[in-house]
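Raw structure.txt, compact mmCIF, C-alpha atoms:
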```txt
# COMPACT_ATOMS: atom_id res chain seq x y z
CA MET A 79 0.00 0.00 0.00
CA ASN A 80 1.35 3.42 -0.92
CA PRO A 81 2.28 5.75 1.95
CA THR A 82 -0.16 8.61 2.50
CA HIS A 83 0.25 12.17 3.68
CA LEU A 84 -2.87 11.97 5.84
CA VAL A 85 -2.95 9.81 8.96
CA GLY A 86 -6.64 9.91 9.82
CA PRO A 87 -9.22 9.46 10.94
CA VAL A 88 -11.02 11.63 8.40
CA LEU A 89 -14.64 12.65 8.95
CA VAL A 90 -16.62 13.21 5.75
CA ILE A 91 -19.84 15.16 6.25
CA GLY A 92 -22.11 14.66 3.26
CA THR A 93 -22.20 11.43 1.28
CA GLY A 94 -23.16 12.59 -2.18
CA LEU A 95 -20.98 12.06 -5.24
CA LEU A 96 -17.98 14.04 -3.95
CA GLY A 97 -18.16 12.99 -0.32
CA ALA A 98 -18.57 9.30 -1.11
CA SER A 99 -15.83 9.44 -3.76
CA ILE A 100 -13.45 11.04 -1.26
CA GLY A 101 -14.33 8.31 1.21
CA LEU A 102 -13.74 5.56 -1.34
CA GLY A 103 -10.41 7.03 -2.35
CA LEU A 104 -9.14 7.42 1.21
CA ARG A 105 -10.42 3.99 2.29
CA GLY A 106 -8.52 2.49 -0.64
CA LEU A 107 -5.37 3.98 0.90
CA GLY A 108 -6.10 2.41 4.25
CA ILE A 109 -7.24 5.59 5.99
CA ASP A 110 -10.01 5.37 8.58
CA VAL A 111 -12.99 7.30 7.17
CA VAL A 112 -16.09 8.12 9.20
CA LEU A 113 -19.22 9.16 7.31
CA GLN A 114 -21.98 11.49 8.42
CA ASP A 115 -25.03 12.61 6.49
CA ILE A 116 -28.32 14.23 7.41
CA SER A 117 -29.93 11.55 5.24
CA PRO A 118 -29.68 8.13 6.93
CA SER A 119 -30.36 6.34 3.65
CA ALA A 120 -27.62 8.22 1.77
CA GLN A 121 -25.19 7.50 4.59
CA ALA A 122 -26.16 3.83 4.63
CA VAL A 123 -25.59 3.51 0.88
CA ALA A 124 -22.17 5.17 1.21
CA VAL A 125 -21.25 2.74 4.00
CA ASP A 126 -22.48 -0.20 1.91
CA ILE A 127 -20.28 0.73 -1.06
CA GLY A 128 -17.23 0.94 1.19
CA ALA A 129 -16.77 4.72 1.38
CA GLY A 130 -16.32 4.61 5.15
CA ARG A 131 -17.97 3.60 8.39
CA ALA A 132 -20.65 5.08 10.58
CA LEU A 133 -19.70 6.63 13.90
CA ARG A 134 -19.70 3.96 16.59
CA SER A 135 -22.04 4.33 19.56
CA GLY A 136 -20.27 6.27 22.31
CA GLU A 137 -17.19 6.91 20.16
CA GLN A 138 -15.40 10.18 20.90
CA LEU A 139 -14.08 10.94 17.45
CA GLN A 140 -10.95 13.06 17.16
CA PRO A 141 -10.45 13.47 13.40
CA GLU A 142 -7.31 14.80 11.83
CA LEU A 143 -9.40 16.27 9.04
CA VAL A 144 -13.07 17.06 8.51
CA VAL A 145 -14.26 17.24 4.88
CA VAL A 146 -17.54 19.12 4.46
CA ALA A 147 -19.25 17.88 1.31
CA SER A 148 -22.65 19.37 2.04
CA PRO A 149 -24.80 21.38 -0.41
CA PRO A 150 -23.46 24.91 -1.03
CA ASP A 151 -26.30 26.69 0.75
CA VAL A 152 -25.49 25.03 4.10
CA THR A 153 -21.73 24.62 3.71
CA ALA A 154 -20.76 27.60 5.87
CA SER A 155 -22.95 26.55 8.80
CA VAL A 156 -21.67 22.96 8.64
CA VAL A 157 -18.07 24.19 8.54
CA ALA A 158 -18.67 26.46 11.54
CA THR A 159 -20.19 23.60 13.53
CA ALA A 160 -17.30 21.29 12.64
CA LEU A 161 -14.70 23.88 13.68
CA GLU A 162 -16.41 24.20 17.06
CA ARG A 163 -17.04 20.49 17.61
CA TYR A 164 -13.56 19.29 16.60
CA PRO A 165 -11.09 21.87 17.95
CA ALA A 166 -8.01 19.86 16.94
CA ALA A 167 -9.11 19.17 13.36
CA VAL A 168 -8.50 20.96 10.10
CA VAL A 169 -11.78 21.58 8.28
CA VAL A 170 -12.09 21.86 4.51
CA ASP A 171 -15.10 22.11 2.25
CA VAL A 172 -15.49 21.03 -1.36
CA ALA A 173 -18.26 23.41 -2.42
CA SER A 174 -18.07 24.75 -5.96
CA VAL A 175 -18.22 28.40 -4.82
CA LYS A 176 -15.73 29.83 -2.37
CA ALA A 177 -16.17 33.56 -1.73
CA ALA A 178 -19.75 33.26 -0.45
CA VAL A 179 -18.83 30.46 1.97
CA LEU A 180 -15.91 32.44 3.39
CA ALA A 181 -18.02 35.59 3.68
CA ASP A 182 -20.70 33.70 5.60
CA LEU A 183 -18.08 32.31 7.99
CA GLN A 184 -16.54 35.74 8.53
CA ASP A 185 -19.98 37.25 9.19
CA SER A 186 -21.11 34.46 11.52
CA ALA A 187 -23.71 35.75 13.99
CA GLY A 188 -22.53 33.44 16.77
CA PRO A 189 -19.04 32.93 18.18
CA ARG A 190 -16.53 33.58 15.42
CA PRO A 191 -15.16 30.28 14.06
CA ASP A 192 -11.41 29.60 14.24
CA LEU A 193 -10.67 30.19 10.58
CA SER A 194 -6.99 29.38 11.04
CA ARG A 195 -8.06 25.71 10.80
CA TYR A 196 -10.29 26.19 7.75
CA VAL A 197 -9.34 25.98 4.08
CA GLY A 198 -11.81 26.30 1.23
CA THR A 199 -11.16 23.82 -1.58
CA HIS A 200 -12.82 22.73 -4.80
CA PRO A 201 -12.04 19.50 -6.65
CA MET A 202 -12.81 20.15 -10.31
CA ALA A 203 -14.24 16.70 -10.89
CA GLY A 204 -17.74 15.39 -11.18
CA ARG A 205 -20.24 13.45 -13.21
CA GLU A 206 -23.69 14.10 -14.60
CA ARG A 207 -24.99 11.48 -12.14
CA SER A 208 -25.23 12.35 -8.46
CA GLY A 209 -25.43 10.58 -5.12
CA PRO A 210 -23.25 7.92 -3.50
CA VAL A 211 -24.19 5.28 -6.08
CA ALA A 212 -22.30 7.33 -8.68
CA ALA A 213 -19.15 7.63 -6.54
CA ARG A 214 -15.78 6.42 -7.79
CA ALA A 215 -12.48 6.17 -5.90
CA GLU A 216 -10.63 7.41 -9.01
CA LEU A 217 -12.85 10.46 -9.54
CA PHE A 218 -10.08 12.93 -8.64
CA THR A 219 -7.12 11.23 -10.30
CA SER A 220 -5.17 13.78 -12.36
CA MET A 221 -8.00 16.31 -11.99
CA PRO A 222 -7.49 19.90 -10.75
CA TRP A 223 -8.11 20.47 -7.04
CA VAL A 224 -8.16 24.16 -6.13
CA LEU A 225 -7.09 25.38 -2.70
CA CYS A 226 -8.57 28.75 -1.70
CA PRO A 227 -7.15 29.56 1.73
CA SER A 228 -8.33 32.67 3.53
CA PRO A 229 -5.88 35.18 5.02
CA ALA A 230 -6.51 33.45 8.36
CA SER A 231 -5.68 29.92 7.16
CA SER A 232 -2.59 28.57 8.92
CA ALA A 233 0.31 26.94 7.11
CA ALA A 234 -0.48 23.67 8.90
CA ALA A 235 -4.11 23.76 7.73
CA ILE A 236 -3.06 24.45 4.15
CA LYS A 237 -0.62 21.54 4.30
CA THR A 238 -3.35 19.18 5.53
CA ALA A 239 -5.76 20.36 2.84
CA SER A 240 -3.03 19.83 0.25
CA SER A 241 -2.43 16.34 1.59
CA LEU A 242 -6.05 15.40 0.93
CA ALA A 243 -5.77 16.35 -2.73
CA ILE A 244 -2.36 14.74 -3.16
CA ASP A 245 -3.42 11.47 -1.55
CA LEU A 246 -6.39 11.29 -3.93
CA GLY A 247 -4.15 11.81 -6.95
CA ALA A 248 -5.35 15.30 -7.86
CA VAL A 249 -3.32 18.17 -9.30
CA LEU A 250 -3.06 21.11 -6.90
CA PHE A 251 -3.88 24.70 -7.82
CA ARG A 252 -4.02 27.70 -5.50
CA PHE A 253 -6.41 30.62 -6.07
CA THR A 254 -7.94 33.29 -3.90
CA PRO A 255 -11.68 32.70 -3.33
CA GLU A 256 -12.49 35.59 -5.66
CA GLU A 257 -10.16 34.35 -8.41
CA HIS A 258 -11.67 30.89 -8.13
CA ASP A 259 -15.27 32.09 -8.43
CA GLU A 260 -14.48 34.26 -11.45
CA ALA A 261 -12.70 31.36 -13.15
CA VAL A 262 -15.43 28.76 -12.56
CA ALA A 263 -18.11 31.19 -13.70
CA LEU A 264 -16.50 31.00 -17.13
CA VAL A 265 -15.11 27.46 -17.36
CA SER A 266 -17.81 25.57 -15.42
CA HIS A 267 -20.98 27.53 -14.77
CA LEU A 268 -21.33 29.12 -18.22
CA PRO A 269 -20.98 25.74 -20.01
CA GLN A 270 -23.70 24.31 -17.75
CA VAL A 271 -26.09 27.15 -18.57
CA MET A 272 -25.39 27.01 -22.30
CA SER A 273 -25.71 23.21 -22.39
CA SER A 274 -29.03 23.38 -20.58
CA LEU A 275 -30.32 26.12 -22.89
CA VAL A 276 -29.45 24.12 -26.00
CA ALA A 277 -30.96 20.92 -24.58
CA SER A 278 -34.15 22.75 -23.62
CA ARG A 279 -34.73 23.45 -27.34
CA LEU A 280 -35.07 19.69 -27.88
CA GLN A 281 -38.11 19.14 -25.67
CA ASP A 282 -40.70 19.37 -28.46
CA VAL A 283 -38.59 18.27 -31.41
CA PRO A 284 -40.04 15.26 -33.30
CA LEU A 285 -38.18 12.05 -32.61
CA HIS A 286 -37.43 11.47 -36.29
CA ALA A 287 -35.50 14.74 -36.30
CA LEU A 288 -33.54 13.78 -33.18
CA ALA A 289 -32.59 10.54 -34.93
CA LEU A 290 -30.16 12.64 -36.97
CA SER A 291 -28.24 13.65 -33.82
CA GLY A 292 -24.50 13.14 -33.87
CA ASN A 293 -21.60 13.70 -31.54
CA GLY A 294 -21.83 17.46 -31.92
CA LEU A 295 -25.22 17.62 -30.21
CA ARG A 296 -24.25 14.98 -27.67
CA ASP A 297 -21.05 16.86 -26.76
CA VAL A 298 -22.86 20.17 -26.32
CA THR A 299 -25.72 18.73 -24.23
CA ARG A 300 -23.88 16.11 -22.15
CA ILE A 301 -23.82 18.15 -18.94
CA ALA A 302 -27.46 19.21 -19.39
CA ALA A 303 -28.25 15.97 -17.52
CA SER A 304 -26.88 17.50 -14.29
CA ASP A 305 -28.80 17.71 -11.00
CA PRO A 306 -31.12 20.78 -11.07
CA SER A 307 -31.33 21.13 -7.28
CA LEU A 308 -27.54 21.35 -6.98
CA TRP A 309 -27.17 23.82 -9.84
CA VAL A 310 -29.83 26.14 -8.45
CA GLN A 311 -27.56 26.62 -5.44
CA ILE A 312 -24.35 26.93 -7.46
CA LEU A 313 -25.73 29.49 -9.92
CA GLY A 314 -27.37 31.52 -7.18
CA ALA A 315 -24.20 31.62 -5.08
CA ASN A 316 -22.01 32.74 -7.98
CA ALA A 317 -24.51 34.94 -9.81
CA ASP A 318 -22.43 38.12 -9.42
CA ARG A 319 -19.55 36.56 -11.39
CA LEU A 320 -21.71 34.72 -13.92
CA VAL A 321 -24.02 37.57 -14.96
CA PRO A 322 -21.28 39.69 -16.66
CA VAL A 323 -20.19 36.62 -18.65
CA LEU A 324 -23.79 36.00 -19.74
CA HIS A 325 -24.10 39.64 -20.77
CA GLY A 326 -21.15 39.08 -23.09
CA VAL A 327 -22.80 35.97 -24.54
CA ARG A 328 -26.03 37.93 -25.04
CA THR A 329 -24.11 40.58 -26.98
CA ASP A 330 -22.64 37.92 -29.26
CA LEU A 331 -26.05 36.27 -29.71
CA ASN A 332 -27.64 39.59 -30.67
CA ARG A 333 -24.80 40.12 -33.11
CA ILE A 334 -25.20 36.78 -34.89
CA ILE A 335 -29.01 37.09 -34.89
CA ALA A 336 -28.77 40.51 -36.56
CA THR A 337 -26.32 39.09 -39.12
CA LEU A 338 -28.47 36.06 -39.92
CA GLU A 339 -31.58 38.18 -40.34
CA ALA A 340 -29.89 39.58 -43.43
CA PRO A 341 -27.36 36.86 -44.36
CA THR A 342 -26.65 38.23 -47.85
CA ALA A 343 -26.13 41.83 -46.77
CA PRO A 344 -22.70 43.37 -47.32
CA GLY A 345 -20.33 42.21 -44.59
CA ALA A 346 -22.68 39.48 -43.28
CA ARG A 347 -20.56 36.55 -44.42
CA LEU A 348 -17.45 38.19 -43.04
CA ASP A 349 -19.16 38.62 -39.67
CA MET A 350 -20.21 34.95 -39.61
CA ALA A 351 -16.66 33.89 -40.41
CA GLN A 352 -15.29 36.25 -37.79
CA LEU A 353 -17.56 34.80 -35.11
CA ILE A 354 -16.51 31.23 -35.93
CA SER A 355 -12.86 32.32 -36.03
CA GLU A 356 -13.18 33.89 -32.59
CA GLY A 357 -14.50 30.55 -31.38
CA ASN A 358 -11.53 28.80 -32.97
CA ALA A 359 -9.15 31.12 -31.15
CA GLY A 360 -10.83 30.58 -27.79
CA GLN A 361 -11.05 26.82 -28.20
CA ALA A 362 -7.35 26.66 -29.09
CA ARG A 363 -6.48 28.20 -25.70
CA ILE A 364 -7.99 25.30 -23.74
CA PRO A 365 -5.06 23.26 -22.40
CA GLY A 366 -4.40 20.04 -24.26
CA LYS A 367 -2.97 16.68 -23.27
CA HIS A 368 -1.25 16.68 -19.86
CA GLY A 369 -2.12 20.37 -19.49
CA GLY A 370 0.27 21.42 -22.24
CA PRO A 371 -0.40 23.39 -25.44
CA ARG A 372 -3.01 21.93 -27.77
CA GLN A 373 -1.52 19.91 -30.61
CA PRO A 374 -2.88 19.87 -34.18
CA TYR A 375 -3.87 16.20 -34.14
CA ALA A 376 -5.19 14.38 -37.21
CA TRP A 377 -8.49 12.48 -37.03
CA LEU A 378 -9.70 9.32 -38.69
CA THR A 379 -12.83 7.21 -38.23
CA VAL A 380 -12.93 3.43 -38.13
CA LEU A 381 -16.16 1.46 -38.58
CA VAL A 382 -16.50 -1.42 -36.10
CA ASP A 383 -19.16 -4.08 -35.65
CA ASP A 384 -21.40 -3.39 -32.66
CA ARG A 385 -20.50 -6.53 -30.74
CA PRO A 386 -18.32 -7.30 -27.70
CA GLY A 387 -14.56 -7.04 -28.04
CA GLN A 388 -14.33 -5.07 -31.27
CA ILE A 389 -13.09 -1.79 -29.82
CA ALA A 390 -10.59 -3.63 -27.64
CA ARG A 391 -9.30 -5.51 -30.71
CA LEU A 392 -9.01 -2.26 -32.67
CA LEU A 393 -6.99 -0.55 -29.95
CA THR A 394 -4.79 -3.62 -29.49
CA GLU A 395 -3.95 -3.67 -33.20
CA ILE A 396 -3.24 0.09 -33.18
CA GLY A 397 -0.79 -0.60 -30.36
CA GLU A 398 0.83 -3.38 -32.39
CA ILE A 399 1.21 -0.94 -35.28
CA GLY A 400 3.04 1.37 -32.89
CA VAL A 401 0.80 4.43 -33.05
CA ASN A 402 -0.30 6.28 -29.91
CA VAL A 403 -3.96 7.31 -29.73
CA GLU A 404 -4.16 10.89 -28.45
CA ASP A 405 -7.96 11.01 -28.11
CA LEU A 406 -10.95 8.80 -28.85
CA ARG A 407 -14.68 9.34 -29.40
CA LEU A 408 -17.40 6.80 -30.05
CA ASP A 409 -20.54 7.25 -32.12
CA HIS A 410 -23.03 4.84 -33.68
CA SER A 411 -24.00 4.57 -37.30
CA ALA A 412 -27.63 5.48 -37.93
CA GLY A 413 -29.56 2.46 -39.15
CA ARG A 414 -26.64 0.02 -38.91
CA GLU A 415 -25.43 -2.35 -36.20
CA ALA A 416 -22.06 -0.63 -36.23
CA GLY A 417 -20.07 1.82 -34.24
CA MET A 418 -17.79 4.58 -35.45
CA VAL A 419 -14.58 5.06 -33.49
CA GLU A 420 -13.07 8.48 -34.07
CA LEU A 421 -9.35 8.51 -33.32
CA SER A 422 -6.87 11.38 -33.10
CA VAL A 423 -3.19 10.74 -33.75
CA MET A 424 -0.13 12.79 -34.55
CA PRO A 425 -0.47 14.02 -38.17
CA LYS A 426 2.68 12.26 -39.37
CA LYS A 427 1.27 8.92 -38.13
CA ARG A 428 -2.13 9.17 -39.79
CA GLU A 429 -1.24 7.85 -43.25
CA THR A 430 0.67 4.89 -41.80
CA LEU A 431 -2.22 4.02 -39.49
CA VAL A 432 -4.83 4.24 -42.26
CA GLN A 433 -2.75 1.97 -44.48
CA GLU A 434 -2.02 -0.59 -41.75
CA LEU A 435 -5.61 -0.76 -40.51
CA THR A 436 -6.95 -1.13 -44.05
CA GLU A 437 -4.53 -4.00 -44.72
CA ARG A 438 -5.75 -5.67 -41.53
CA GLY A 439 -9.33 -5.58 -42.78
CA TRP A 440 -10.68 -2.54 -40.93
CA LYS A 441 -13.01 -0.13 -42.71
CA VAL A 442 -11.47 3.33 -42.40
CA LEU A 443 -13.74 6.24 -43.25
CA LEU A 444 -11.68 9.08 -44.75
```
Starting from the file, lay out its structure as structure tokens.
Amino acid sequence: MNPTHLVGPVLVIGTGLLGASIGLGLRGLGIDVVLQDISPSAQAVAVDIGAGRALRSGEQLQPELVVVASPPDVTASVVATALERYPAAVVVDVASVKAAVLADLQDSAGPRPDLSRYVGTHPMAGRERSGPVAARAELFTSMPWVLCPSPASSAAAIKTASSLAIDLGAVLFRFTPEEHDEAVALVSHLPQVMSSLVASRLQDVPLHALALSGNGLRDVTRIAASDPSLWVQILGANADRLVPVLHGVRTDLNRIIATLEAPTAPGARLDMAQLISEGNAGQARIPGKHGGPRQPYAWLTVLVDDRPGQIARLLTEIGEIGVNVEDLRLDHSAGREAGMVELSVMPKKRETLVQELTERGWKVLL
């Protein structure tokens, strides 16, 4: 078993997707994890899947770390209670907004919490599914985990919070709460809103029209399946940062609408091209593989029979050919029992791969 930075025990309050996944990850490292949830059924499910144990009757728990994985609207109050109840523990939260939680703690009406033992954090990992049944021990592996310490956070508390992320295999980042909330408004909250808006247009579309859907629509609407109750809290808590971004989107929408209302007018085609080019420029700035600059990969599509083992065989043969797959997407052929595997490779390897796969009997769609 690999050595860990945390010793334990670790108390996880809230056994939804993040809390249960944290528990699973720490339990896999041999750390004693105690689970607590206001919902007995959610806690019981998390215990059943191995995310931790329930507090024993009469046990006087003295946790090294308390992880608050409660909904955003109650995070501050749960953190304050944990700081008071466990005076020797570091307390972190994993809420997706940070400035509002810290402000609530600083403005606490009761005895002021000891914020030297508190560090706000946010693991940038998740799934469209929610609840403990969706939890995975590997959820945080190689994913960003943002630390947002307050001016009062002690060096020891920051070290313990860092240890949590490191033990779970995450990549550490450090932001101020304000920097974090501005960043996630753009890279997380805006995509959720736009995905939901696009998906909402599909509610009354005839099914025969939706049968034409491809990966483009699926990519854009994937996160529209997210939990509405959670996102109500997230959007409300970060509204001040999100609204200016949405104003910018509205300006661009008004611009393209005005252009398309007269698509043959002088300058209209140039404006359409300019808008798409601006999107190209923004998309190119998204970090690529391993966080480095995006590479100009070449794509090819291979048709595979829709039966067990075909994708595994394809990837095995690509490995035998000696070509590294940089990215992979899967789609299904309309009206055929076949799948289409879209592969990205380094451009200089594409021709070799097409030739080798064709010789091995694969149908490559150029």
Would you pick out the contacts of segment 170-172 of chain A at 10 Å or less, using all atoms listed in the file, so that residues sharing its chain but fewer than 4 positions from it are not included, and give the list as number ranges by chain? A: 90-91, 96-97, 143-150, 153-154, 156-157, 160-161, 176, 179, 195-202, 223-227, 235-236, 238-239, 242
Quick one, how far is atom CA of Leu338 of chain A from atom CA of Val265 of chain A? 27.6 Å
For Ala120 of chain A, list every protein, DNA or RNA residue within 10 Å, evaluated using all atoms listed in the file, and leave out those in the same chain fewer than 5 positions away; present the list as a ChimeraX atom specification. /A:92-94,98,114-115,125-126,209-211
Which segment 167-234 of chain A residues have any atom within 12 Å of an atom of segment 315-329 of chain A, and for each, what is the nearest pair of atoms with distance in Å to one decimal, counting all atoms listed in the file, rows sorted by chain and number, as CSV?
```
residue,atom,partner,partner_atom,distance
A:Ala173,CA,A:Ala315,CA,10.5
A:Ser174,CA,A:Asn316,CA,9.1
A:Val175,CA,A:Asn316,CA,6.6
A:Lys176,CA,A:Asn316,CA,8.9
A:Ala177,CA,A:Asn316,CA,8.6
A:Ala178,CA,A:Ala315,CA,6.6
A:Val179,CA,A:Ala315,CA,8.9
A:Leu180,CA,A:Ala315,CA,11.9
A:Ala181,CA,A:Ala315,CA,11.4
A:Asp182,CA,A:Ala315,CA,11.4
```
By how many Å are atom CA of Pro141 of chain A and atom CA of Val88 of chain A apart? 5.4 Å
Between atom CA of Leu113 of chain A and atom CA of Ala233 of chain A, what is the distance, to one decimal in Å?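 Those two atoms sit 26.4 Å apart.
Ranking A:Leu431, A:Leu381, A:Ala359, A:Leu139 by their shortest atom-to-atom distance to Val403 of chain A, with only C-alpha atoms included, puts A:Leu431 first.
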